file start18.txt (compact mmCIF, C-alpha atoms)
# COMPACT_ATOMS: atom_id res chain seq x y z
CA MET A 1 21.71 12.48 17.99
CA SER A 2 22.14 11.83 14.28
CA LYS A 3 21.95 14.33 11.48
CA ALA A 4 19.84 13.65 8.38
CA THR A 5 18.80 15.52 5.28
CA LEU A 6 15.09 15.41 4.48
CA TYR A 7 13.36 16.62 1.36
CA LEU A 8 9.92 17.99 2.21
CA ASP A 9 7.07 19.12 0.05
CA ASP A 10 7.13 22.93 -0.08
CA THR A 11 3.69 23.23 1.52
CA LEU A 12 4.60 20.82 4.29
CA HIS A 13 7.85 22.68 4.93
CA LYS A 14 6.01 26.00 5.20
CA ALA A 15 3.45 24.50 7.61
CA LEU A 16 6.26 23.01 9.70
CA ARG A 17 8.08 26.35 9.88
CA ILE A 18 4.89 28.12 10.95
CA LYS A 19 4.08 25.51 13.60
CA ALA A 20 7.65 25.67 14.91
CA ALA A 21 7.42 29.44 15.24
CA GLU A 22 3.98 29.34 16.87
CA THR A 23 4.91 26.64 19.38
CA ARG A 24 8.47 27.87 19.95
CA GLN A 25 9.80 24.42 19.14
CA SER A 26 12.42 23.53 16.61
CA MET A 27 11.39 21.91 13.36
CA SER A 28 13.61 18.97 14.36
CA ASP A 29 11.71 18.51 17.63
CA LEU A 30 8.37 18.59 15.81
CA VAL A 31 9.52 16.04 13.23
CA ASN A 32 11.03 13.79 15.93
CA ASP A 33 7.79 13.92 17.95
CA ALA A 34 5.69 13.11 14.88
CA LEU A 35 7.91 10.19 13.90
CA LYS A 36 7.86 8.80 17.43
CA ALA A 37 4.06 8.93 17.45
CA VAL A 38 3.80 7.12 14.12
CA LEU A 39 6.32 4.46 15.12
CA ARG A 40 4.53 3.97 18.47
CA GLU A 41 1.30 3.32 16.56
CA ASP A 42 3.10 0.80 14.35
CA ILE A 43 4.39 -1.04 17.42
CA GLU A 44 0.86 -1.16 18.84
CA ASP A 45 -0.50 -2.48 15.53
CA ILE A 46 2.18 -5.17 15.34
CA SER A 47 1.51 -6.17 18.93
CA ALA A 48 -2.22 -6.44 18.28
CA TRP A 49 -1.55 -8.51 15.17
CA LYS A 50 0.69 -10.88 17.13
CA ASP A 51 -1.98 -11.26 19.80
CA ARG A 52 -4.60 -12.14 17.17
CA ARG A 53 -2.57 -14.11 14.62
CA ASN A 54 -3.98 -17.47 15.76
CA GLU A 55 -7.59 -16.38 15.49
CA LYS A 56 -9.75 -18.08 12.89
CA THR A 57 -10.11 -16.02 9.73
CA ILE A 58 -13.30 -15.71 7.74
CA SER A 59 -14.05 -14.45 4.27
CA TYR A 60 -15.68 -11.12 3.61
CA ASP A 61 -18.85 -12.92 2.50
CA GLU A 62 -18.95 -14.87 5.76
CA LEU A 63 -18.53 -11.65 7.72
CA LEU A 64 -21.42 -10.04 5.85
CA SER A 65 -23.60 -13.09 6.48
CA GLN A 66 -22.82 -12.97 10.21
CA LEU A 67 -23.58 -9.25 10.36
CA LYS A 68 -26.92 -9.82 8.59
CA GLU A 69 -27.81 -12.65 10.99
CA ASP A 70 -26.93 -10.45 13.98
CA GLY A 71 -29.08 -7.66 12.58
CA THR A 72 -26.07 -5.34 12.42
CA ILE A 73 -26.69 -4.56 8.75

call {"tool": "encode", "arguments": {"input": "start18.txt", "output": "structure tokens"}}
result
Amino acid sequence: MSKATLYLDDTLHKALRIKAAETRQSMSDLVNDALKAVLREDIEDISAWKDRRNEKTISYDELLSQLKEDGTI
């Protein structure tokens, strides 16, 4: 495990300390879990983008026109 110095907003730091105390977890564990969740979401987004990168793109105006034709808006 690596050691790092983080500078947190005072309010965020206080909330993190309180959550750590309430959940009986270390602040490091909470931060690691939060970062893992965010990075996991990024991986999912990148994967979805790769799956869809060859799809035809349309302009915003075309999208609105299609939605109007479909009766969506």

call {"tool": "residues_around", "arguments": {"input": "start18.txt", "residues": "His13 of chain A", "least_positions_apart": "6", "cutoff": "12 Å", "atoms": "all atoms listed in the file", "output": "ChimeraX atom specification"}}
result
/A:6-7,19-20,27-28,30-31

call {"tool": "atom_distance", "arguments": {"input": "start18.txt", "atom1": "atom CA of Asp9 of chain A", "atom2": "atom CA of Arg24 of chain A"}}
result
21.8 Å

call {"tool": "atom_distance", "arguments": {"input": "start18.txt", "atom1": "atom CA of Lys68 of chain A", "atom2": "atom CA of Lys56 of chain A"}}
result
19.5 Å

call {"tool": "atom_distance", "arguments": {"input": "start18.txt", "atom1": "atom CA of Lys14 of chain A", "atom2": "atom CA of Ser2 of chain A"}}
result
23.3 Å

call {"tool": "decode", "arguments": {"input": "start18.txt", "residues": "segment 15-33 of chain A", "atoms": "N, CA and C atoms", "output": "PDB file, in the first residue's frame"}}
result
ATOM      1  N   ALA A  15     -16.723  15.790   7.660  1.00  0.00           N
ATOM      2  CA  ALA A  15     -17.721  14.767   7.326  1.00  0.00           C
ATOM      3  C   ALA A  15     -17.073  13.387   7.243  1.00  0.00           C
ATOM      4  N   LEU A  16     -15.875  13.326   6.694  1.00  0.00           N
ATOM      5  CA  LEU A  16     -15.156  12.060   6.591  1.00  0.00           C
ATOM      6  C   LEU A  16     -14.797  11.508   7.972  1.00  0.00           C
ATOM      7  N   ARG A  17     -14.345  12.385   8.857  1.00  0.00           N
ATOM      8  CA  ARG A  17     -14.021  11.957  10.222  1.00  0.00           C
ATOM      9  C   ARG A  17     -15.255  11.411  10.932  1.00  0.00           C
ATOM     10  N   ILE A  18     -16.380  12.100  10.771  1.00  0.00           N
ATOM     11  CA  ILE A  18     -17.617  11.677  11.420  1.00  0.00           C
ATOM     12  C   ILE A  18     -18.069  10.329  10.862  1.00  0.00           C
ATOM     13  N   LYS A  19     -18.038  10.188   9.536  1.00  0.00           N
ATOM     14  CA  LYS A  19     -18.455   8.920   8.931  1.00  0.00           C
ATOM     15  C   LYS A  19     -17.533   7.791   9.374  1.00  0.00           C
ATOM     16  N   ALA A  20     -16.245   8.052   9.445  1.00  0.00           N
ATOM     17  CA  ALA A  20     -15.296   7.028   9.892  1.00  0.00           C
ATOM     18  C   ALA A  20     -15.620   6.583  11.315  1.00  0.00           C
ATOM     19  N   ALA A  21     -15.917   7.534  12.170  1.00  0.00           N
ATOM     20  CA  ALA A  21     -16.248   7.195  13.557  1.00  0.00           C
ATOM     21  C   ALA A  21     -17.560   6.413  13.643  1.00  0.00           C
ATOM     22  N   GLU A  22     -18.553   6.850  12.880  1.00  0.00           N
ATOM     23  CA  GLU A  22     -19.866   6.199  12.925  1.00  0.00           C
ATOM     24  C   GLU A  22     -19.831   4.779  12.352  1.00  0.00           C
ATOM     25  N   THR A  23     -19.011   4.565  11.340  1.00  0.00           N
ATOM     26  CA  THR A  23     -18.976   3.257  10.679  1.00  0.00           C
ATOM     27  C   THR A  23     -17.841   2.372  11.193  1.00  0.00           C
ATOM     28  N   ARG A  24     -17.033   2.945  12.080  1.00  0.00           N
ATOM     29  CA  ARG A  24     -15.877   2.225  12.623  1.00  0.00           C
ATOM     30  C   ARG A  24     -14.922   1.752  11.523  1.00  0.00           C
ATOM     31  N   GLN A  25     -14.775   2.606  10.518  1.00  0.00           N
ATOM     32  CA  GLN A  25     -13.819   2.374   9.445  1.00  0.00           C
ATOM     33  C   GLN A  25     -12.797   3.493   9.480  1.00  0.00           C
ATOM     34  N   SER A  26     -11.639   3.215   8.934  1.00  0.00           N
ATOM     35  CA  SER A  26     -10.647   4.281   8.874  1.00  0.00           C
ATOM     36  C   SER A  26     -11.002   5.253   7.751  1.00  0.00           C
ATOM     37  N   MET A  27     -10.506   6.467   7.880  1.00  0.00           N
ATOM     38  CA  MET A  27     -10.724   7.442   6.818  1.00  0.00           C
ATOM     39  C   MET A  27     -10.075   6.933   5.534  1.00  0.00           C
ATOM     40  N   SER A  28      -8.931   6.283   5.636  1.00  0.00           N
ATOM     41  CA  SER A  28      -8.260   5.729   4.459  1.00  0.00           C
ATOM     42  C   SER A  28      -9.139   4.703   3.756  1.00  0.00           C
ATOM     43  N   ASP A  29      -9.772   3.820   4.522  1.00  0.00           N
ATOM     44  CA  ASP A  29     -10.648   2.816   3.917  1.00  0.00           C
ATOM     45  C   ASP A  29     -11.825   3.473   3.199  1.00  0.00           C
ATOM     46  N   LEU A  30     -12.402   4.490   3.816  1.00  0.00           N
ATOM     47  CA  LEU A  30     -13.528   5.188   3.188  1.00  0.00           C
ATOM     48  C   LEU A  30     -13.102   5.869   1.893  1.00  0.00           C
ATOM     49  N   VAL A  31     -11.958   6.529   1.911  1.00  0.00           N
ATOM     50  CA  VAL A  31     -11.462   7.207   0.711  1.00  0.00           C
ATOM     51  C   VAL A  31     -11.127   6.178  -0.372  1.00  0.00           C
ATOM     52  N   ASN A  32     -10.463   5.085   0.001  1.00  0.00           N
ATOM     53  CA  ASN A  32     -10.142   4.037  -0.973  1.00  0.00           C
ATOM     54  C   ASN A  32     -11.406   3.463  -1.599  1.00  0.00           C
ATOM     55  N   ASP A  33     -12.421   3.188  -0.792  1.00  0.00           N
ATOM     56  CA  ASP A  33     -13.676   2.646  -1.312  1.00  0.00           C
ATOM     57  C   ASP A  33     -14.347   3.627  -2.269  1.00  0.00           C
TER      58      ASP A  33
END
